[in-house]
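Enquirer: What follows is entry_34.cif; its format and atoms are mmCIF, C-alpha atoms.
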```
data_run
loop_
_atom_site.label_atom_id
_atom_site.label_comp_id
_atom_site.auth_asym_id
_atom_site.auth_seq_id
_atom_site.Cartn_x
_atom_site.Cartn_y
_atom_site.Cartn_z
CA MET A 1 0.00 0.00 0.00
CA GLN A 2 1.66 3.22 -1.15
CA MET A 3 0.67 6.26 0.81
CA HIS A 4 1.61 9.87 0.61
CA PRO A 5 3.86 10.84 3.57
CA MET A 6 1.43 13.61 4.55
CA GLU A 7 -1.59 11.31 4.47
CA GLN A 8 -1.04 10.47 8.15
CA PHE A 9 -1.92 14.04 9.16
CA ARG A 10 -5.35 14.03 7.54
CA VAL A 11 -8.23 14.74 9.91
CA THR A 12 -11.19 12.53 9.00
CA PRO A 13 -14.62 12.78 10.60
CA LEU A 14 -15.79 9.65 12.39
CA VAL A 15 -19.18 10.96 13.48
CA PRO A 16 -20.25 13.81 11.19
CA LEU A 17 -21.94 16.53 13.21
CA HIS A 18 -23.07 20.00 12.17
CA ILE A 19 -24.40 22.55 14.64
CA ALA A 20 -25.60 25.97 13.46
CA GLY A 21 -23.62 25.71 10.25
CA TYR A 22 -20.36 24.81 12.02
CA ASP A 23 -18.61 21.53 11.39
CA VAL A 24 -18.16 20.02 14.86
CA SER A 25 -17.74 16.42 13.71
CA PHE A 26 -16.13 13.92 16.02
CA THR A 27 -12.90 13.17 14.16
CA ASN A 28 -10.03 10.72 14.49
CA GLN A 29 -8.20 13.59 16.21
CA SER A 30 -11.00 14.04 18.76
CA LEU A 31 -10.89 10.32 19.45
CA VAL A 32 -7.14 10.34 20.18
CA MET A 33 -7.51 13.46 22.36
CA CYS A 34 -10.25 11.78 24.40
CA ALA A 35 -8.05 8.70 24.73
CA ILE A 36 -5.15 10.85 25.96
CA VAL A 37 -7.22 12.66 28.57
CA ALA A 38 -8.76 9.37 29.72
CA ALA A 39 -5.33 7.72 29.88
CA VAL A 40 -3.75 10.51 31.94
CA SER A 41 -6.69 10.79 34.33
CA LEU A 42 -7.05 7.05 34.81
CA PHE A 43 -3.33 6.48 35.23
CA MET A 44 -2.83 9.30 37.74
CA ALA A 45 -5.91 8.24 39.72
CA LEU A 46 -5.07 4.54 39.81
CA ALA A 47 -1.34 4.97 40.38
CA VAL A 48 -1.75 6.85 43.67
CA LYS A 49 -4.93 5.05 44.79
CA LYS A 50 -3.06 2.80 47.24
CA ASP A 51 -0.78 5.62 48.40
CA ARG A 52 2.08 3.42 49.62
CA LEU A 53 5.09 4.73 51.53
CA VAL A 54 7.31 2.59 49.31
CA PRO A 55 5.83 3.34 45.91
CA THR A 56 5.02 0.73 43.31
CA ARG A 57 6.31 1.24 39.80
CA SER A 58 3.24 3.08 38.58
CA GLN A 59 3.06 5.21 41.71
CA SER A 60 6.72 6.07 41.14
CA ILE A 61 5.96 7.31 37.64
CA ALA A 62 3.11 9.43 38.93
CA GLU A 63 5.28 10.89 41.71
CA LEU A 64 8.20 11.48 39.36
CA SER A 65 6.08 13.40 36.89
CA TYR A 66 4.54 15.39 39.75
CA GLU A 67 7.96 16.30 41.14
CA PHE A 68 9.34 17.00 37.68
CA VAL A 69 6.69 19.64 37.02
CA GLY A 70 6.96 20.90 40.60
CA ASN A 71 10.71 21.46 40.21
CA MET A 72 10.17 23.13 36.87
CA ILE A 73 7.75 25.62 38.41
CA GLU A 74 9.88 26.28 41.45
CA SER A 75 13.07 26.84 39.47
CA THR A 76 11.39 29.38 37.20
CA SER A 77 8.90 31.25 39.34
CA GLY A 78 9.51 30.17 42.93
CA LYS A 79 6.83 29.30 45.46
CA ALA A 80 4.40 31.85 44.03
CA GLY A 81 4.17 29.82 40.84
CA TYR A 82 2.68 26.82 42.63
CA ARG A 83 -0.85 28.08 42.24
CA PHE A 84 -0.44 27.30 38.55
CA PHE A 85 0.65 23.75 39.21
CA PRO A 86 -2.60 22.15 37.96
CA PHE A 87 -2.48 24.23 34.80
CA VAL A 88 1.15 23.52 33.95
CA PHE A 89 0.84 19.86 34.92
CA ALA A 90 -2.23 19.37 32.72
CA ILE A 91 -0.52 21.02 29.76
CA PHE A 92 2.69 19.06 30.25
CA MET A 93 0.93 15.70 30.55
CA PHE A 94 -1.35 16.40 27.60
CA VAL A 95 1.47 17.40 25.27
CA LEU A 96 3.71 14.58 26.47
CA LEU A 97 1.04 11.93 26.00
CA SER A 98 0.00 13.39 22.64
CA ASN A 99 3.58 13.11 21.45
CA PHE A 100 4.00 9.59 22.78
CA PHE A 101 0.63 8.37 21.52
CA GLY A 102 1.61 9.68 18.11
CA LEU A 103 4.65 7.40 18.14
CA ILE A 104 2.42 4.32 18.27
CA PRO A 105 2.20 3.23 14.63
CA GLY A 106 -1.18 4.09 13.15
CA VAL A 107 -2.21 6.50 15.87
CA PHE A 108 -2.97 10.05 14.87
CA THR A 109 -0.49 12.64 16.21
CA VAL A 110 -2.57 15.35 17.83
CA THR A 111 0.33 17.79 18.29
CA SER A 112 1.13 17.68 14.57
CA GLN A 113 -1.94 19.89 14.06
CA ILE A 114 -1.21 23.58 14.38
CA ALA A 115 -4.83 24.20 15.46
CA VAL A 116 -4.38 22.10 18.62
CA ASN A 117 -1.02 23.65 19.50
CA PHE A 118 -2.21 27.14 18.80
CA ALA A 119 -5.26 26.65 21.02
CA LEU A 120 -2.96 25.49 23.83
CA ALA A 121 -0.55 28.38 23.28
CA ILE A 122 -3.37 30.93 23.21
CA LEU A 123 -4.66 29.47 26.46
CA VAL A 124 -1.22 29.95 28.00
CA VAL A 125 -0.87 33.54 26.81
CA LEU A 126 -4.42 34.45 27.89
CA THR A 127 -3.66 33.01 31.33
CA VAL A 128 -0.52 35.13 31.45
CA VAL A 129 -2.41 38.30 30.50
CA VAL A 130 -5.27 37.67 32.95
CA THR A 131 -2.84 36.81 35.77
CA GLY A 132 -0.74 39.85 35.00
CA PHE A 133 -3.69 42.21 35.22
CA MET A 134 -5.04 40.47 38.33
CA VAL A 135 -1.73 40.69 40.18
CA HIS A 136 -0.46 44.07 39.03
CA GLY A 137 -3.58 45.81 37.72
CA ILE A 138 -2.81 48.32 35.01
CA GLY A 139 0.85 48.17 36.10
CA PHE A 140 1.14 44.96 34.11
CA LEU A 141 1.56 47.16 31.02
CA LYS A 142 5.02 48.04 32.39
CA LEU A 143 6.02 44.69 30.91
CA PHE A 144 6.06 46.47 27.57
CA VAL A 145 8.22 49.36 28.74
CA PRO A 146 11.89 48.40 28.65
CA ASN A 147 14.68 50.09 30.60
CA ALA A 148 15.71 52.64 28.04
CA PRO A 149 16.05 56.39 27.58
CA TRP A 150 12.65 58.03 26.98
CA TYR A 151 13.50 59.17 23.46
CA LEU A 152 13.84 55.53 22.35
CA LEU A 153 10.61 54.30 23.89
CA TRP A 154 8.41 55.17 20.90
CA LEU A 155 10.42 52.61 18.93
CA LEU A 156 10.98 50.02 21.65
CA ILE A 157 7.42 49.71 22.94
CA PRO A 158 6.01 48.49 19.59
CA ILE A 159 8.91 46.04 19.38
CA GLU A 160 8.12 44.74 22.87
CA ILE A 161 4.46 44.37 21.97
CA ILE A 162 5.26 42.46 18.79
CA SER A 163 7.69 40.33 20.74
CA PHE A 164 4.93 39.50 23.23
CA LEU A 165 2.45 38.67 20.46
CA THR A 166 5.06 36.34 18.98
CA ARG A 167 4.78 33.95 21.92
CA PRO A 168 1.68 31.96 21.00
CA ILE A 169 3.03 31.54 17.48
CA SER A 170 6.57 30.48 18.35
CA LEU A 171 5.24 28.21 21.10
CA SER A 172 2.82 26.39 18.82
CA VAL A 173 4.93 26.37 15.66
CA ARG A 174 7.92 24.84 17.44
CA LEU A 175 5.92 21.87 18.68
CA PHE A 176 4.06 21.50 15.39
CA ALA A 177 7.20 21.66 13.24
CA ASN A 178 9.06 19.13 15.36
CA MET A 179 6.23 16.62 15.28
CA LEU A 180 5.48 17.15 11.59
CA ALA A 181 9.13 16.80 10.56
CA GLY A 182 9.73 13.66 12.61
CA HIS A 183 6.64 11.80 11.50
CA THR A 184 7.09 12.76 7.86
CA MET A 185 10.68 11.52 8.00
CA LEU A 186 9.59 8.17 9.47
CA ASN A 187 6.98 7.80 6.78
CA VAL A 188 9.37 8.67 3.96
CA PHE A 189 11.92 6.09 5.15
CA GLY A 190 9.10 3.57 5.45
CA GLY A 191 8.23 4.30 1.84
CA PHE A 192 11.88 3.64 0.86
CA VAL A 193 11.76 0.22 2.49
CA ILE A 194 8.64 -0.77 0.56
CA ALA A 195 9.89 0.65 -2.72
CA LEU A 196 13.31 -1.07 -2.44
CA ALA A 197 11.84 -4.40 -1.34
CA GLY A 198 9.47 -4.33 -4.28
CA LEU A 199 12.33 -4.00 -6.79
CA GLY A 200 13.60 -7.52 -6.22
CA GLY A 201 17.17 -8.90 -6.32
CA VAL A 202 20.02 -6.88 -4.79
CA ALA A 203 17.78 -3.86 -4.28
CA SER A 204 15.54 -5.90 -1.98
CA ALA A 205 18.50 -6.69 0.23
CA LEU A 206 19.36 -2.99 0.34
CA SER A 207 15.97 -2.21 1.89
CA ILE A 208 17.49 -3.10 5.24
CA ALA A 209 19.39 0.24 5.21
CA PRO A 210 16.36 2.57 5.48
CA MET A 211 14.99 0.11 8.04
CA PHE A 212 17.94 0.87 10.34
CA MET A 213 17.37 4.53 9.66
CA ILE A 214 13.78 4.18 10.90
CA VAL A 215 15.02 2.62 14.13
CA ALA A 216 17.46 5.51 14.62
CA VAL A 217 14.87 8.18 13.81
CA MET A 218 12.35 6.49 16.10
CA ALA A 219 14.83 6.69 18.98
CA LEU A 220 15.38 10.36 18.22
CA GLU A 221 11.62 10.91 18.06
CA PHE A 222 11.20 9.53 21.58
CA LEU A 223 13.70 12.12 22.77
CA VAL A 224 12.02 14.88 20.78
CA ALA A 225 8.58 13.87 22.08
CA PHE A 226 9.73 14.33 25.66
CA LEU A 227 11.88 17.38 24.97
CA GLN A 228 9.14 19.29 23.19
CA ALA A 229 6.66 18.65 25.99
CA TYR A 230 9.32 19.85 28.43
CA VAL A 231 10.04 22.98 26.40
CA PHE A 232 6.34 23.80 26.09
CA ALA A 233 5.76 23.48 29.83
CA MET A 234 9.02 25.28 30.66
CA LEU A 235 8.15 28.28 28.49
CA THR A 236 4.68 28.33 30.04
CA CYS A 237 6.37 28.61 33.44
CA ILE A 238 8.72 31.34 32.25
CA TYR A 239 5.84 33.40 30.83
CA LEU A 240 3.77 32.92 33.99
CA ASN A 241 6.77 34.02 36.04
CA GLU A 242 6.92 37.26 34.08
CA ALA A 243 3.24 37.86 34.73
CA LEU A 244 3.72 37.21 38.43
CA HIS A 245 6.92 39.14 39.05
CA LEU A 246 7.34 41.45 36.05
CA HIS A 247 11.01 40.44 36.12
CA ASP A 248 12.24 41.92 32.92
CA HIS A 249 15.34 40.25 31.61
CA HIS A 250 16.52 43.07 29.40
CA MET B 1 7.59 0.05 65.49
CA PRO B 2 10.51 2.09 64.09
CA GLU B 3 12.06 4.69 66.36
CA PRO B 4 11.72 8.34 65.28
CA ASP B 5 15.53 8.42 65.12
CA ASP B 6 15.57 5.56 62.63
CA LEU B 7 13.05 7.32 60.45
CA LYS B 8 15.01 10.53 60.60
CA ARG B 9 18.22 8.77 59.66
CA LEU B 10 16.45 7.08 56.78
CA GLY B 11 15.10 10.46 55.68
CA ASP B 12 18.59 11.96 55.75
CA ARG B 13 19.99 9.10 53.72
CA LEU B 14 17.17 9.39 51.22
CA ASP B 15 17.79 13.12 50.87
CA GLU B 16 21.47 12.55 50.25
CA ALA B 17 20.80 9.82 47.70
CA ARG B 18 18.32 12.06 45.94
CA ARG B 19 20.82 14.88 45.79
CA ARG B 20 23.42 12.58 44.28
CA GLU B 21 20.85 11.37 41.78
CA ALA B 22 19.80 14.90 40.87
CA ALA B 23 23.40 15.89 40.13
CA ASP B 24 23.66 13.06 37.61
CA VAL B 25 20.49 13.64 35.64
CA LYS B 26 20.41 17.44 35.78
CA PRO B 27 19.58 18.55 32.24
CA SER B 28 22.46 20.71 31.04
CA ALA B 29 22.17 23.03 28.08
CA PRO B 30 19.64 21.88 25.47
CA SER B 31 20.89 20.09 22.36
CA PRO B 32 22.37 22.20 19.53
CA LEU B 33 19.46 21.18 17.30
CA GLY B 34 17.02 22.37 19.94
CA ILE B 35 18.81 25.71 20.25
CA ALA B 36 18.82 26.18 16.49
CA PHE B 37 15.12 25.37 16.33
CA ARG B 38 14.41 27.79 19.15
CA PHE B 39 16.19 30.70 17.43
CA ALA B 40 14.62 29.93 14.07
CA THR B 41 11.07 29.86 15.40
CA GLU B 42 11.60 33.01 17.49
CA MET B 43 12.91 34.89 14.47
CA VAL B 44 10.35 33.65 11.94
CA SER B 45 7.31 34.04 14.16
CA ALA B 46 8.29 37.62 15.02
CA LEU B 47 8.48 38.42 11.31
CA VAL B 48 5.09 36.78 10.75
CA VAL B 49 3.48 38.73 13.60
CA GLY B 50 5.04 42.00 12.43
CA GLY B 51 3.95 41.40 8.85
CA ALA B 52 0.43 40.39 9.87
CA LEU B 53 0.02 43.43 12.13
CA GLY B 54 1.22 45.77 9.38
CA TRP B 55 -0.99 44.10 6.80
CA GLY B 56 -3.98 44.36 9.14
CA ILE B 57 -3.42 48.06 9.79
CA ASP B 58 -3.02 48.68 6.07
CA TRP B 59 -6.22 46.79 5.42
CA LEU B 60 -8.03 48.92 8.01
CA PHE B 61 -6.82 52.28 6.68
CA GLY B 62 -6.19 51.40 3.04
CA THR B 63 -2.58 52.53 3.22
CA ARG B 64 -0.88 49.47 1.77
CA PRO B 65 2.11 49.00 1.82
CA VAL B 66 3.28 51.67 4.28
CA PHE B 67 2.54 49.91 7.57
CA LEU B 68 3.40 46.50 6.17
CA ILE B 69 6.97 47.70 5.57
CA VAL B 70 7.23 49.52 8.91
CA PHE B 71 5.91 46.60 10.94
CA PHE B 72 7.95 44.06 9.02
CA VAL B 73 11.09 45.93 10.10
CA LEU B 74 9.77 46.19 13.66
CA GLY B 75 9.04 42.47 13.54
CA ALA B 76 12.63 41.78 12.53
CA ALA B 77 13.81 43.86 15.49
CA ALA B 78 11.47 41.99 17.81
CA GLY B 79 12.76 38.69 16.42
CA ILE B 80 16.34 39.64 17.18
CA ARG B 81 15.33 40.78 20.63
CA ASN B 82 13.59 37.44 21.23
CA ALA B 83 16.57 35.48 19.95
CA VAL B 84 18.94 37.44 22.19
CA SER B 85 16.83 36.87 25.29
CA ALA B 86 16.49 33.18 24.38
CA ALA B 87 20.28 32.97 24.12
CA LYS B 88 20.67 34.70 27.50
CA GLU B 89 18.22 32.31 29.08
CA ILE B 90 19.93 29.24 27.62
CA ASN B 91 23.32 30.52 28.82
CA ALA B 92 21.96 31.19 32.29
CA ARG B 93 20.55 27.69 32.50
CA ALA B 94 23.81 26.14 31.28
CA THR B 95 25.83 28.13 33.85
CA ARG B 96 23.46 27.10 36.62
CA ALA B 97 23.74 23.45 35.58
CA ASN B 98 27.55 23.72 35.60
CA GLU B 99 27.64 25.32 39.03
CA ASP B 100 25.31 22.69 40.44
CA GLY B 101 27.59 20.04 39.03
CA LYS B 102 30.68 21.52 40.72
CA GLU B 103 29.09 21.71 44.16
CA GLN B 104 28.78 17.96 44.48
#
```
Could I get this structure in the form of structure tokens?
Expert:
Amino acid sequence: MQMHPMEQFRVTPLVPLHIAGYDVSFTNQSLVMCAIVAAVSLFMALAVKKDRLVPTRSQSIAELSYEFVGNMIESTSGKAGYRFFPFVFAIFMFVLLSNFFGLIPGVFTVTSQIAVNFALAILVVLTVVVTGFMVHGIGFLKLFVPNAPWYLLWLLIPIEIISFLTRPISLSVRLFANMLAGHTMLNVFGGFVIALAGLGGVASALSIAPMFMIVAVMALEFLVAFLQAYVFAMLTCIYLNEALHLHDHH
Amino acid sequence: MPEPDDLKRLGDRLDEARRREAADVKPSAPSPLGIAFRFATEMVSALVVGGALGWGIDWLFGTRPVFLIVFFVLGAAAGIRNAVSAAKEINARATRANEDGKEQ
């Protein structure tokens, strides 16, 4: 079966649904997202159900991920950041599981869709803005005023504003591009294997080479899957820290 | 029934073991590929935002291409500013990781 390398990113409706002229069909993507949320919730609930002093393996994983996110928050925004623990933890687990679910052959990769990532990133930035105004009131706007002589401010303030507006885009595009590139690469090498094997003779034997490449890329993809979830959560923490403390790093 | 002293000693030993562990797995600077990706996305997305803002303002006031050009340049400046602060942040994290490593 020959398939286009981009075919794997197609969103197909499973249960067509139209409400008030909007297409709100339940798609293969919705299905995987539901599975991810169910998996995280079930795992976290079951893993700590017994609450042993000496943790079992699954309880260890739950505690490790909890501490991992906790350390991330504390190292970026200190104790004050802990009120965002549920938010950051939910985002981290969702992105991480989306990336890992996507590595299961045949499963749709949710984070390869810019719409999903952008929605997450917008959520992060809106949280930052709301928090900023709640904590500092109108003083939050000082975030856009850098330490500079007054006669340069007319130029620097627009730059700061653009730089702030960049965040949801760079946050979502980074995750999207990483996932898209990795999965396309896997698919292309898979295509090589099939094409070479189909040629017969010496060429068939050569098809083992792209096979090894797939193994190598797969290993790299596991690293990328974790790293990108980490980066997404880390940047969320950094942005929240700015909203909380207005620490400008100019 | 364990004595409180025993528990405390166990706690101390656990803490020490954890600290040793943490020193080993501390993530140092991100991979070169990651850094490159970071800079590229910062730069490109700033240009996109700048261009889109300028295009939007032009569309509102019918002044194309004045604001598109102005905001594209501003976007480039914002991109460089983002890249510089990303570099600073990566450096700071790498230095912190190094210092933590030396303490042990």
Enquirer: Between atom CA of A:Met179 and atom CA of A:Phe87, what is the distance, to one decimal in Å?
Expert: 22.7 Å
Enquirer: Restricting the calculation to only C-alpha atoms, which member of B:Asp6, B:Phe72, B:Thr95, B:Ile80 is positioned closest to B:Val48?
Expert: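 Checking each candidate against B:Val48, we get B:Phe72 as the closest.
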Enquirer: For the atom pair atom CA of A:Ser204 and atom CA of A:Gly191, what is the interatomic distance in Å to one decimal place?
Expert: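 Between atom CA of A:Ser204 and atom CA of A:Gly191 the gap works out to 13.1 Å.
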Enquirer: Pull the closest atom pair for each residue of stretch 87-194 of chain A that gets at most 9 Å from stretch 81-91 of chain B, along with the distance in Å to one decimal, counting all atoms listed in the file, ordering rows by chain and then ascending residue number, as a tab-separated table.
Expert:
```
residue	atom	partner	partner_atom	distance
A:Ile159	CA	B:Arg81	CA	8.4
A:Glu160	CA	B:Arg81	CA	8.5
A:Ser163	CA	B:Asn82	CA	6.6
A:Thr166	CA	B:Asn82	CA	8.9
```
Enquirer: Would you save the residues from that selection as a PDB file, in the frame of the given file, using C-alpha atoms?
Expert:
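So out_1.pdb came out as:
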```pdb
ATOM      1  CA  ILE A 159       8.910  46.040  19.380  1.00  0.00           C
ATOM      2  CA  GLU A 160       8.120  44.740  22.870  1.00  0.00           C
ATOM      3  CA  SER A 163       7.690  40.330  20.740  1.00  0.00           C
ATOM      4  CA  THR A 166       5.060  36.340  18.980  1.00  0.00           C
TER       5      THR A 166
END
```
Enquirer: Any chance you could resolve the PyMOL selection byres ((chain B) within 10 of (chain A)) against this file and give the residues as a PyMOL selection string?
Expert: chain B and resi 30-31+34+37-50+53+71+73-82+84-85+88-89
Enquirer: For the structure shown, which residues end up in the PyMOL selection byres ((chain A and resi 141) around 12)? Put them as an MDAnalysis selection string, please?
Expert: chainID A and resid 129:130 132:140 142:146 157 160:161 164 242:243 246
Enquirer: Please write as an MDAnalysis selection string the full residue list that the PyMOL selection byres ((chain A and resi 215-220) around 12) yields on this file.
Expert: (chainID A and resid 100 102:105 178:179 181:190 208:214 221:228) or (chainID B and resid 31 33)
Enquirer: One decimal, Å: what's the distance from atom CA of A:Glu63 over to atom CA of A:Asp51, could you say?
Expert: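 Separation between atom CA of A:Glu63 and atom CA of A:Asp51: 10.5 Å.
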Enquirer: Which residues, written as a PyMOL selection string, have at least one atom at most 12 Å from A:Val95, with all atoms listed in the file counted and residues fewer than 4 positions away on the same chain left out?
Expert: chain A and resi 33+36-37+40+88-91+99-102+109-113+116-117+120-121+172+175-176+179+224-233
Enquirer: List the residues sitting within 12 Å of (-12.0, 8.0, 11.2) in the file's frame, using all atoms listed in the file, as a ChimeraX atom specification.
Expert: /A:8-16,25-32,106-108
Enquirer: The selected residues should be written to file as a PDB file, keeping the file's coordinate frame (atoms: C-alpha atoms).
Expert:
```
ATOM      1  CA  GLN A   8      -1.040  10.470   8.150  1.00  0.00           C
ATOM      2  CA  PHE A   9      -1.920  14.040   9.160  1.00  0.00           C
ATOM      3  CA  ARG A  10      -5.350  14.030   7.540  1.00  0.00           C
ATOM      4  CA  VAL A  11      -8.230  14.740   9.910  1.00  0.00           C
ATOM      5  CA  THR A  12     -11.190  12.530   9.000  1.00  0.00           C
ATOM      6  CA  PRO A  13     -14.620  12.780  10.600  1.00  0.00           C
ATOM      7  CA  LEU A  14     -15.790   9.650  12.390  1.00  0.00           C
ATOM      8  CA  VAL A  15     -19.180  10.960  13.480  1.00  0.00           C
ATOM      9  CA  PRO A  16     -20.250  13.810  11.190  1.00  0.00           C
ATOM     10  CA  SER A  25     -17.740  16.420  13.710  1.00  0.00           C
ATOM     11  CA  PHE A  26     -16.130  13.920  16.020  1.00  0.00           C
ATOM     12  CA  THR A  27     -12.900  13.170  14.160  1.00  0.00           C
ATOM     13  CA  ASN A  28     -10.030  10.720  14.490  1.00  0.00           C
ATOM     14  CA  GLN A  29      -8.200  13.590  16.210  1.00  0.00           C
ATOM     15  CA  SER A  30     -11.000  14.040  18.760  1.00  0.00           C
ATOM     16  CA  LEU A  31     -10.890  10.320  19.450  1.00  0.00           C
ATOM     17  CA  VAL A  32      -7.140  10.340  20.180  1.00  0.00           C
ATOM     18  CA  GLY A 106      -1.180   4.090  13.150  1.00  0.00           C
ATOM     19  CA  VAL A 107      -2.210   6.500  15.870  1.00  0.00           C
ATOM     20  CA  PHE A 108      -2.970  10.050  14.870  1.00  0.00           C
TER      21      PHE A 108
END
```
Enquirer: N, CA and C atoms are needed for stretch 218-239 of chain A; please write them out as an mmCIF file, keeping the file's coordinate frame.
Expert:
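In the end it all went to part.cif:
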```cif
data_model
loop_
_atom_site.group_PDB
_atom_site.id
_atom_site.type_symbol
_atom_site.label_atom_id
_atom_site.label_comp_id
_atom_site.auth_asym_id
_atom_site.auth_seq_id
_atom_site.Cartn_x
_atom_site.Cartn_y
_atom_site.Cartn_z
ATOM 1 N N MET A 218 13.340 6.780 15.060
ATOM 2 C CA MET A 218 12.350 6.490 16.100
ATOM 3 C C MET A 218 12.917 6.813 17.477
ATOM 4 N N ALA A 219 14.179 6.405 17.701
ATOM 5 C CA ALA A 219 14.830 6.690 18.980
ATOM 6 C C ALA A 219 14.899 8.194 19.194
ATOM 7 N N LEU A 220 15.298 8.904 18.141
ATOM 8 C CA LEU A 220 15.380 10.360 18.220
ATOM 9 C C LEU A 220 14.010 10.961 18.507
ATOM 10 N N GLU A 221 12.980 10.376 17.886
ATOM 11 C CA GLU A 221 11.620 10.910 18.060
ATOM 12 C C GLU A 221 11.146 10.760 19.496
ATOM 13 N N PHE A 222 11.561 9.690 20.167
ATOM 14 C CA PHE A 222 11.200 9.530 21.580
ATOM 15 C C PHE A 222 11.782 10.667 22.395
ATOM 16 N N LEU A 223 13.047 11.005 22.084
ATOM 17 C CA LEU A 223 13.700 12.120 22.770
ATOM 18 C C LEU A 223 12.973 13.420 22.480
ATOM 19 N N VAL A 224 12.671 13.650 21.191
ATOM 20 C CA VAL A 224 12.020 14.880 20.780
ATOM 21 C C VAL A 224 10.638 14.998 21.431
ATOM 22 N N ALA A 225 9.920 13.868 21.503
ATOM 23 C CA ALA A 225 8.580 13.870 22.080
ATOM 24 C C ALA A 225 8.623 14.380 23.522
ATOM 25 N N PHE A 226 9.608 13.883 24.276
ATOM 26 C CA PHE A 226 9.730 14.330 25.660
ATOM 27 C C PHE A 226 10.208 15.779 25.727
ATOM 28 N N LEU A 227 11.243 16.062 24.937
ATOM 29 C CA LEU A 227 11.880 17.380 24.970
ATOM 30 C C LEU A 227 10.898 18.494 24.628
ATOM 31 N N GLN A 228 10.061 18.248 23.619
ATOM 32 C CA GLN A 228 9.140 19.290 23.190
ATOM 33 C C GLN A 228 8.055 19.544 24.243
ATOM 34 N N ALA A 229 7.623 18.468 24.899
ATOM 35 C CA ALA A 229 6.660 18.650 25.990
ATOM 36 C C ALA A 229 7.304 19.447 27.116
ATOM 37 N N TYR A 230 8.584 19.138 27.397
ATOM 38 C CA TYR A 230 9.320 19.850 28.430
ATOM 39 C C TYR A 230 9.463 21.325 28.079
ATOM 40 N N VAL A 231 9.842 21.596 26.830
ATOM 41 C CA VAL A 231 10.040 22.980 26.400
ATOM 42 C C VAL A 231 8.719 23.754 26.488
ATOM 43 N N PHE A 232 7.648 23.122 26.057
ATOM 44 C CA PHE A 232 6.340 23.800 26.090
ATOM 45 C C PHE A 232 5.968 24.175 27.523
ATOM 46 N N ALA A 233 6.119 23.214 28.429
ATOM 47 C CA ALA A 233 5.760 23.480 29.830
ATOM 48 C C ALA A 233 6.713 24.491 30.455
ATOM 49 N N MET A 234 8.013 24.367 30.102
ATOM 50 C CA MET A 234 9.020 25.280 30.660
ATOM 51 C C MET A 234 8.727 26.720 30.247
ATOM 52 N N LEU A 235 8.423 26.927 28.959
ATOM 53 C CA LEU A 235 8.150 28.280 28.490
ATOM 54 C C LEU A 235 6.868 28.810 29.127
ATOM 55 N N THR A 236 5.888 27.921 29.331
ATOM 56 C CA THR A 236 4.680 28.330 30.040
ATOM 57 C C THR A 236 5.041 28.879 31.411
ATOM 58 N N CYS A 237 5.936 28.162 32.117
ATOM 59 C CA CYS A 237 6.370 28.610 33.440
ATOM 60 C C CYS A 237 7.076 29.955 33.369
ATOM 61 N N ILE A 238 7.948 30.100 32.372
ATOM 62 C CA ILE A 238 8.720 31.340 32.250
ATOM 63 C C ILE A 238 7.775 32.525 32.001
ATOM 64 N N TYR A 239 6.786 32.319 31.127
ATOM 65 C CA TYR A 239 5.840 33.400 30.830
ATOM 66 C C TYR A 239 4.998 33.721 32.055
#
```
